[in-house]
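Next up, data20.cif (mmCIF, C-alpha atoms):
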data_query
#
loop_
_atom_site.label_atom_id
_atom_site.label_comp_id
_atom_site.auth_asym_id
_atom_site.auth_seq_id
_atom_site.Cartn_x
_atom_site.Cartn_y
_atom_site.Cartn_z
CA MET N 1 22.59 268.23 381.80
CA SER N 2 23.23 271.05 379.39
CA LEU N 3 22.23 274.66 379.31
CA ASP N 4 21.79 276.85 376.25
CA VAL N 5 21.92 280.60 376.71
CA THR N 6 21.31 283.02 373.85
CA ALA N 7 20.75 286.77 373.87
CA GLU N 8 18.91 289.39 371.88
CA VAL N 9 19.94 292.99 372.45
CA LEU N 10 17.04 295.43 372.12
CA GLU N 11 17.08 299.15 372.72
CA ARG N 12 14.95 298.86 375.84
CA ALA N 13 16.43 295.70 377.32
CA THR N 14 18.52 292.64 376.57
CA ILE N 15 16.66 289.36 376.44
CA VAL N 16 18.62 286.38 377.70
CA ARG N 17 16.94 283.11 376.76
CA VAL N 18 17.83 280.15 378.90
CA VAL N 19 16.98 276.58 377.93
CA GLY N 20 17.84 273.57 380.08
CA SER N 21 18.40 272.82 383.74
CA VAL N 22 20.13 275.29 386.04
CA ASP N 23 22.04 273.25 388.59
CA SER N 24 25.44 273.05 390.23
CA LEU N 25 26.99 271.99 386.91
CA THR N 26 25.50 274.73 384.75
CA ALA N 27 24.88 277.73 387.02
CA ASP N 28 28.36 279.18 386.55
CA ALA N 29 27.84 279.21 382.78
CA LEU N 30 24.59 281.11 383.27
CA SER N 31 26.26 283.65 385.56
CA ALA N 32 29.06 284.14 383.03
CA ALA N 33 26.60 284.56 380.15
CA LEU N 34 24.70 287.22 382.10
CA GLN N 35 27.88 288.94 383.27
CA VAL N 36 28.93 289.56 379.67
CA HIS N 37 26.05 291.99 379.29
CA LEU N 38 26.74 293.75 382.58
CA ASP N 39 30.39 294.17 381.57
CA GLU N 40 29.26 295.86 378.37
CA GLY N 41 26.93 298.22 380.21
CA ARG N 42 23.71 296.40 379.39
CA ALA N 43 22.15 296.23 382.83
CA ARG N 44 18.51 296.02 381.76
CA LEU N 45 18.14 292.28 381.48
CA VAL N 46 15.14 290.07 380.83
CA GLY N 47 15.71 286.44 381.71
CA ASP N 48 13.42 284.32 379.55
CA LEU N 49 13.08 281.19 381.66
CA SER N 50 10.25 279.59 379.68
CA GLY N 51 12.70 276.86 378.65
CA VAL N 52 13.82 276.08 382.19
CA GLN N 53 11.99 273.41 384.15
CA TYR N 54 14.50 272.98 386.95
CA THR N 55 16.70 275.07 389.17
CA SER N 56 18.55 274.32 392.38
CA SER N 57 20.09 276.77 394.83
CA ALA N 58 23.02 277.11 392.41
CA GLY N 59 20.64 278.71 389.92
CA LEU N 60 19.23 280.93 392.64
CA ARG N 61 22.75 282.22 393.36
CA ALA N 62 23.23 283.05 389.67
CA ILE N 63 19.91 284.89 389.52
CA LEU N 64 20.41 286.82 392.76
CA GLY N 65 24.02 287.73 391.96
CA THR N 66 23.07 289.06 388.55
CA MET N 67 20.02 290.87 389.86
CA LYS N 68 22.08 292.65 392.51
CA ALA N 69 24.83 293.62 390.07
CA SER N 70 22.35 294.89 387.48
CA ARG N 71 20.46 297.00 390.03
CA GLU N 72 23.73 298.45 391.28
CA GLN N 73 24.34 299.54 387.68
CA GLY N 74 20.90 301.17 387.51
CA GLY N 75 19.22 298.30 385.71
CA ASP N 76 17.53 295.10 386.78
CA LEU N 77 17.21 291.41 386.00
CA ARG N 78 13.54 290.64 385.43
CA LEU N 79 12.25 287.17 384.75
CA ALA N 80 9.70 286.07 382.19
CA GLY N 81 7.83 282.85 381.52
CA VAL N 82 8.84 281.17 384.75
CA SER N 83 7.58 277.58 384.88
CA GLN N 84 5.50 276.30 387.77
CA GLY N 85 8.36 274.18 389.10
CA VAL N 86 10.90 276.99 389.02
CA HIS N 87 8.39 279.45 390.47
CA ARG N 88 7.94 277.14 393.45
CA ILE N 89 11.68 277.16 394.12
CA LEU N 90 11.83 280.96 393.76
CA ASP N 91 8.92 281.25 396.16
CA LEU N 92 10.39 278.90 398.79
CA ALA N 93 13.65 280.87 398.63
CA GLY N 94 11.81 284.13 399.22
CA PHE N 95 12.82 285.46 395.80
CA THR N 96 9.32 286.30 394.60
CA SER N 97 9.28 289.23 397.02
CA ILE N 98 12.46 290.80 395.63
CA LEU N 99 12.38 289.82 391.93
CA LYS N 100 10.06 291.15 389.27
CA LEU N 101 8.35 288.37 387.34
CA TYR N 102 6.31 288.68 384.17
CA PRO N 103 4.17 286.18 382.30
CA ASP N 104 6.05 286.66 379.04
CA VAL N 105 9.06 288.37 377.51
CA GLY N 106 7.01 291.15 375.94
CA ALA N 107 5.63 292.26 379.27
CA ALA N 108 9.06 292.08 380.89
CA VAL N 109 10.68 294.19 378.16
CA ALA N 110 7.83 296.70 378.30
CA SER N 111 8.33 297.04 382.06
CA PHE N 112 11.63 298.79 381.33
CA ALA N 113 9.79 301.81 379.93
CA ASP N 114 11.76 305.02 380.35
CA MET M 1 20.92 263.56 389.05
CA ARG M 2 19.87 261.30 386.20
CA PHE M 3 19.63 258.38 388.64
CA VAL M 4 17.09 260.27 390.74
CA ASP M 5 15.08 261.28 387.68
CA GLU M 6 15.04 257.71 386.36
CA ARG M 7 14.04 256.23 389.69
CA SER M 8 11.36 258.87 390.16
CA ALA M 9 9.95 257.98 386.75
CA LEU M 10 10.02 254.27 387.56
CA ALA M 11 8.24 255.00 390.83
CA ALA M 12 5.61 256.97 388.85
CA LEU M 13 6.15 260.06 390.99
CA GLN M 14 4.12 263.14 390.14
CA ASN M 15 6.22 265.70 388.30
CA GLN M 16 6.25 268.17 391.21
CA ASP M 17 7.39 265.44 393.62
CA ALA M 18 10.12 264.31 391.23
CA LEU M 19 11.38 267.89 390.87
CA ALA M 20 11.36 268.37 394.64
CA LEU M 21 13.32 265.17 395.14
CA ARG M 22 15.87 266.11 392.49
CA VAL M 23 16.46 269.50 394.10
CA ALA M 24 16.76 267.97 397.57
CA VAL M 25 19.22 265.27 396.50
CA GLU M 26 21.34 267.78 394.59
CA GLU M 27 21.46 270.08 397.62
CA VAL M 28 22.44 267.28 399.99
CA CYS M 29 25.21 266.20 397.61
CA GLU M 30 26.40 269.81 397.33
CA ASN M 31 26.64 269.99 401.11
CA ILE M 32 28.58 266.73 401.25
CA VAL M 33 31.14 268.08 398.79
CA LYS M 34 31.28 271.44 400.54
CA TYR M 35 31.39 270.28 404.17
CA ALA M 36 31.91 266.53 404.64
CA TYR M 37 34.63 266.37 401.98
CA ALA M 38 35.91 269.89 402.62
CA GLY M 39 39.63 270.28 401.99
CA ARG M 40 40.11 266.79 400.56
CA ASP M 41 39.36 264.81 397.45
CA VAL M 42 35.68 264.12 397.04
CA GLY M 43 35.01 260.55 398.11
CA PRO M 44 32.10 258.28 397.38
CA ILE M 45 28.50 259.36 397.64
CA VAL M 46 26.06 256.45 397.70
CA ILE M 47 22.42 257.13 396.89
CA GLU M 48 19.70 254.54 397.54
CA PHE M 49 16.14 254.99 396.41
CA ALA M 50 13.11 253.10 397.72
CA SER M 51 9.48 253.62 396.88
CA SER M 52 6.20 252.51 398.36
CA PRO M 53 2.60 253.37 397.51
CA GLU M 54 2.73 256.19 400.06
CA GLN M 55 6.18 257.71 399.68
CA VAL M 56 9.69 257.56 398.33
CA THR M 57 12.73 257.38 400.56
CA VAL M 58 16.22 258.35 399.44
CA SER M 59 19.26 257.76 401.59
CA ILE M 60 22.51 259.50 400.80
CA GLU M 61 25.73 258.31 402.40
CA ASP M 62 29.24 259.68 402.33
CA GLU M 63 32.55 258.78 403.94
CA GLY M 64 33.52 262.31 404.88
CA ALA M 65 33.86 264.21 408.13
CA ALA M 66 30.85 264.20 410.43
CA PHE M 67 28.50 266.95 409.37
CA ASP M 68 24.96 267.43 410.66
CA PRO M 69 23.09 269.74 408.26
CA ALA M 70 20.91 270.86 411.15
CA ALA M 71 23.96 272.82 412.35
CA LEU M 72 23.68 275.13 409.33
CA PRO M 73 22.37 278.61 410.09
CA PRO M 74 18.83 279.37 408.96
CA ALA M 75 18.49 280.91 405.52
CA ASP M 76 17.60 284.55 405.04
CA VAL M 77 14.48 284.59 402.87
CA THR M 78 12.97 287.88 404.00
CA SER M 79 15.56 290.67 403.85
CA GLU M 80 15.41 293.31 401.17
CA TRP M 81 17.47 292.53 398.08
CA ARG M 82 20.66 294.39 399.05
CA SER M 83 20.98 292.35 402.23
CA ARG M 84 20.29 288.92 400.78
CA PRO M 85 23.33 286.65 400.95
CA LEU M 86 24.11 284.71 397.77
CA GLY M 87 24.36 281.37 399.53
CA GLY M 88 22.76 279.42 402.32
CA LEU M 89 19.58 278.40 400.54
CA GLY M 90 20.34 274.76 399.75
CA TRP M 91 19.46 273.16 403.05
CA HIS M 92 16.50 275.52 403.40
CA LEU M 93 15.11 274.12 400.14
CA VAL M 94 15.62 270.56 401.36
CA ARG M 95 13.67 271.30 404.54
CA GLN M 96 10.89 272.99 402.62
CA LEU M 97 10.56 270.35 399.91
CA MET M 98 10.81 267.12 401.93
CA ASP M 99 8.26 265.69 404.36
CA ASP M 100 10.85 264.12 406.64
CA ILE M 101 14.63 264.37 406.95
CA ARG M 102 16.82 262.21 409.15
CA TYR M 103 20.50 262.58 409.81
CA GLU M 104 22.79 260.05 411.43
CA PRO M 105 26.55 259.78 411.62
CA ILE M 106 27.97 256.45 410.43
CA SER M 107 30.01 254.73 413.13
CA ILE M 108 32.96 253.89 410.87
CA GLY M 109 33.04 257.45 409.53
CA GLY M 110 30.73 259.41 407.29
CA ASN M 111 27.15 260.57 407.28
CA ARG M 112 23.76 259.32 406.22
CA VAL M 113 20.93 261.69 405.30
CA THR M 114 17.55 260.12 404.64
CA LEU M 115 14.94 262.08 402.74
CA VAL M 116 11.25 261.17 402.68
CA LYS M 117 8.83 262.57 400.14
CA ARG M 118 5.20 261.58 400.48
CA ARG M 119 3.43 261.18 397.16
CA THR M 120 1.16 263.99 396.06
CA ALA M 121 -2.22 262.51 395.22
CA ALA M 122 -2.97 262.44 391.49
CA LEU M 123 -5.66 264.87 390.41
#
Could you render the structure as structure tokens?
Amino acid sequence: MSLDVTAEVLERATIVRVVGSVDSLTADALSAALQVHLDEGRARLVGDLSGVQYTSSAGLRAILGTMKASREQGGDLRLAGVSQGVHRILDLAGFTSILKLYPDVGAAVASFAD
Amino acid sequence: MRFVDERSALAALQNQDALALRVAVEEVCENIVKYAYAGRDVGPIVIEFASSPEQVTVSIEDEGAAFDPAALPPADVTSEWRSRPLGGLGWHLVRQLMDDIRYEPISIGGNRVTLVKRRTAAL
């Protein structure tokens, strides 16, 4: 299983587009790709998960770890375009009560209004 | 997890059931590596898949140290974000996603976890 992660840096937020499956083999790569932005002071992150149909608890660790680190830097990791299957996993893990989810990237970026 | 996906497709599982099974099998295998094979080379993990008109059954066997997943502490799924631990969700997902879970130690050494997923009726 492979995972493609690309980013687009906007003034208001950085969009991180994820395509593939987030599992025990790929979750570390996702964490590392997100950490790059935190290291460079870009803590307002939008995770575009519209290309992700599967995540295991390894993916949940990557999401929660990045969300915590970004909030501690005054930003946030907000998710957009979450598929039904991934949403179910987020819900069962109790993440939907602590994460901000948006139907699409535009809404997620706009949520970072100053 | 390709084996699980292929068998789920052959068994004509609904997409949501196939995803649930894939997550559950991955989590059980993760636990085997983390606990049953802790501190040693990872040994064999044997996965068997059986389907019937009502359900699919997956058994996962290892040759590691005895490890009953029921001994794991419950997951924290309600604390506010600062207090949420990064781990501990795998077995919680298995319990939530499967209809039945059985654990038994293997007499010659190792563990067997059997997962049962009842088929979701087609719409």
Checklist entry - If you apply the PyMOL selection byres ((chain M and resi 105-109) around 10) to this file, what residues do you get, as a ChimeraX atom specification? => result /M:61-68,103-104,110-113
Checklist entry - Taking (20.5, 290.6, 399.1) in the file's coordinates as the center, which residues reach within 12 Å of it, counting only C-alpha atoms, put as a PyMOL selection string? => result (chain N and resi 60-61+63-69+71-72+93-95+97-99) or (chain M and resi 75-88)
Checklist entry - Do you know which residues are at most 12 Å from Val105 of chain N counting all atoms listed in the file, after dropping those on the same chain fewer than 4 positions away, and could you put them as an MDAnalysis selection string? => result chainID N and resid 8 10 13:17 45:50 78:82 101 109:112
Next on the checklist: Using all atoms listed in the file, I'd like every residue of chain M that has an atom within 12 Å of chain N; please write them out as a PyMOL selection string.
Outcome noted: chain M and resi 1-2+5+14-31+33-34+74-97
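Interatomic distance, atom CA of Ala29 of chain N against atom CA of Val52 of chain N: 14.4 Å.
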Checklist entry - How far is it from atom CA of Asp99 of chain M to atom CA of Ile45 of chain M, in Å with one decimal? => result 22.2 Å
Checklist outcome for this item: If you count all atoms listed in the file, the residue of N:Ala43, N:Val5, N:Ala107, N:Leu77 closest to Leu30 of chain N turns out to be N:Val5
Kindly provide, as lines of an AutoDock Vina configuration file, the centre and edge lengths (Å, one decimal) of an axis-aligned box around all atoms of segment 72-81 of chain M given in the file, with 3 Å on each side.
center_x = 18.3
center_y = 284.2
center_z = 404.1
size_x = 16.7
size_y = 24.2
size_z = 18.0
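One finds atom CA of Ala7 of chain N at 18.0 Å from atom CA of Gly59 of chain N.
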Checklist entry - Written as JSON, numbers by chain, what is the full residue list that the PyMOL selection byres ((chain M and resi 100) around 9) yields on the file shown? => result {"M": [95, 98, 99, 101, 102, 114, 115, 116, 117, 118]}
Checklist entry - If the PyMOL selection byres ((chain M and resi 48) around 6) is run on the structure shown, which residues does it catch, given as number ranges by chain? => result M: 47, 49, 58-59
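Of the listed residues N:Ser70, N:Val22, N:Ser83, N:Ala108, the one whose atoms come nearest to Leu34 of chain N is N:Ser70, with distances taken using only C-alpha atoms.
Within 7 Å of Gly20 of chain N, once all atoms listed in the file are used and residues closer than 2 positions along the same chain are dropped, the contacting residues are Ser2, Leu3, Asp4, Val18, Val22, Gly51 and Val52 of chain N.
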